[in-house]
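J.: My structure is below; once you've seen it, I'll send some questions.
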Amino acid sequence: MSFFHIRSLARKEFLALMRDKRSRIVIIVPPIIQLFIFGFAATYDLNDVPVAVYNEDSGGASRELLARIEGSPHFSVLHRIGSDAGIAPLIDDRKVLLVVRFSKRFSADMARGDPASLQIVIDGRNSNTAMIALNYLRSVVLDFNRDWQQRHGQTGPPATLEMRAWYNENLQSRWFIVPGIVGSLMLVVTLLVTALSVAREREQGTFDQLLVTPLRPLELLVGKAIPGMVIGLLEATLIIVLMVWFFEVPLRGSLPALYLGILLFLAATVGVGLMISSIAVTQQQAILGAFLFVVPAIILSGFTTPIANMPEVVQWLTQLNPLRYFLVIVRGVTLEGDGFALLFHQFWPMVIIAAATLTMAGWLFRHRMY
Amino acid sequence: MSARLRRLWGMIRKESLQILRDPSSISIAFVMPVVLLLLFGYGVSLDAKRIPLGIVIEQPDTASQSLAGAFDRSEFFRPQRFDAIQTAQVALAERRIDGILWLRNDFSSRLFSGLDAPIGIFVNGVDSNRANITQGYIQGTWLAWLQHFAAAQGRSLDLPVAMEQRVWFNPALNSRLFLVPGLIAIIMTMIGSLLTAMVVAREWERGTMEALMVTPLHMGEMLTGKLIPYFVLGMGGMLLSVAMALFLFGVPLLSPFWLLMACSALFMLVSLAIGLLISIVTRNQFLAGQVALVVSFLPSFLLSGFLFDIHSMPEWVQTITYVVPARYFVAILQTLFLAGPVWPVVLVNAGAMLFMLVVLTALVVKKSYKRLD
């Protein structure tokens, strides 16, 4: 293997990528803009959920509970209605997510010590949003109950829950999603850089010329892989810095372990990209192949929805997905404070994926000729 | 047939033949939606079931066993017993379990003596949404057990305020019913823009654009001629996806079918126009493919309100979501499927898509002229 050969090929690849101003921009600018927009946009936490109140009760208890709901940052009371008929139009048109209804006897029941019923009508069109809003509301009610019982000398429930969350103590959705965005953007950029590199030369006929140069297939493979690795590594560093400083995601674990993960992930992604590129006959097919890999790889990686919820067969399929392992590594290092030992089972599958795809790509260089 | 129609027909015929002879367009339109919807429809779910939960009972007796039994019987948990809190915590750190329920050795004595008996709960909070759902299920199981426990002692559990909830449109809170329509919107955004992103760029790159230019064909005729076959193709894919949503995933359709198809057609036109615009502006397949990937997939996935509530985003991000066409289509689909034809929602969102279509068409016309640079 000649260092000189590889260097000249890698240099040519960089020139091909960076010479055109527009393609330079496409590689660098969108990932950074997207990190900012998605970092702010993608959160399961709800603020200012629009609420309507239908209060038939005139007592103090309902007013006190209502004040607590209004005081919560999660809810904002936008409408007050005076009849059951007012509920449907508000919810159907998505003016409010939920309606809180106090019955006539609410305060009287409470004063007598009978359970008072608080009725909630909620829009279930997005069932996850509905479930989160109900959870927020339930904790407001549970707090209210506890304070009420203490103040009125009633005994509380005999056993209470002391809940504590590890690693993401305040359960901020952003801490979970932003590391996922980092992985997804790296995947998209690296694949865009590599997936077309062979296909373009094939379509333009210059790949045949490369094959008759003294470059050996292994040198060809390394030279083609270097730009993707370098660009991926630089962008990864940049977005990780932004993640920690700008989005204030903690970095509790071992940075070398994170970088080992980045290198393996990039190698696996470059391998997949080069493989797609050497199977494709035209650029259009290469882009299609990249699409067909990126989209399922992101959606089925545990980025937004947990792998544990998937059916057995799909879970099994995700083991071929390098992003799945990388996301565990990013989240493990940032939030859980992991080092090499706890991440070992995420490293080796990526080594296998990288080895398999790179070998395949190198073999295809010579064996798929038109 | 007038000369204009004949020219248009010729273009449509040429483009259709090109589609038929290169299998990649047909596979984008028909195979991709089926495969992706199958994979995602089953794979994307927010319903946590059989959550691995470690249970530590320091002093086994009837009270602690009955509480643990409540978790054993719940369909939401898959409990595992641990002898000591330390081993359970190691399992939590190694991601073998998602949560721990810890009953200390004085649990029962405090429970019966009327002192507050604390139940220690640890959850892995990395995936905060899953952690919230897990905590919700733990609370639910705990409340049910408290009632059961009080009844066994001949008392009733008195809570000052009891929440009674009614969930409209999706009473079982089944996440698949809203995820599948949302997935259709995302898959169709990508397919629409992918189908057309390459078609004009390809003519430029292959040099056939120059050949088209010397024909009497007008630019408008060329674009319409290119659009119509892809529209037919895209709507075919849309029909397949809707059929899968209804018959495979059992999503109810509470609106007239024609209304769903009318909105889908409008959305398909918007997506195709975006692809066409990319194609005309870049004139380069490499770039067109990259831009299509960057502008269609992630924005429609994350900014459409499909998963993340738009209302909770910061104001400036909410403003950006107005240019994401999937945003309007997701709102329409979720409403049409689950709630019925709510006209204010349908009209506002369809109007926004129509406006986008007009703007995009104007841009496409402005950017395309018969001239070699």
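Naming scheme: A, B, ... for chains in displayed order of the structure tokens; residues 1 onward per chain; ligands 1 onward as shown.
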Which of range 79-319 of chain A counts as helix (DSSP H, G or I) under DSSP, as a PyMOL selection string please?
T.: chain A and resi 84-92+106-112+127-151+173-195+197-204+206-211+217-245+255-279+283-299+307-309+312-319
J.: Using only C-alpha atoms, select each residue of chain B with any atom at most 7 Å away from an atom of chain A, and give the selection as a PyMOL selection string.
T.: chain B and resi 42-49+94+111+114+116-129+136+158-171+173-175+178+286-287+289-290+302-303+308+312-314+317+334+338+342+344-345
J.: Kindly indicate which residue among B:Leu333, B:Met261, B:Leu293, B:Val200 lies nearest to Ile280 in chain B, using only C-alpha atoms for the distances.
T.: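 Of B:Leu333, B:Met261, B:Leu293, B:Val200, the one nearest Ile280 in chain B, counting only C-alpha atoms, is B:Val200.
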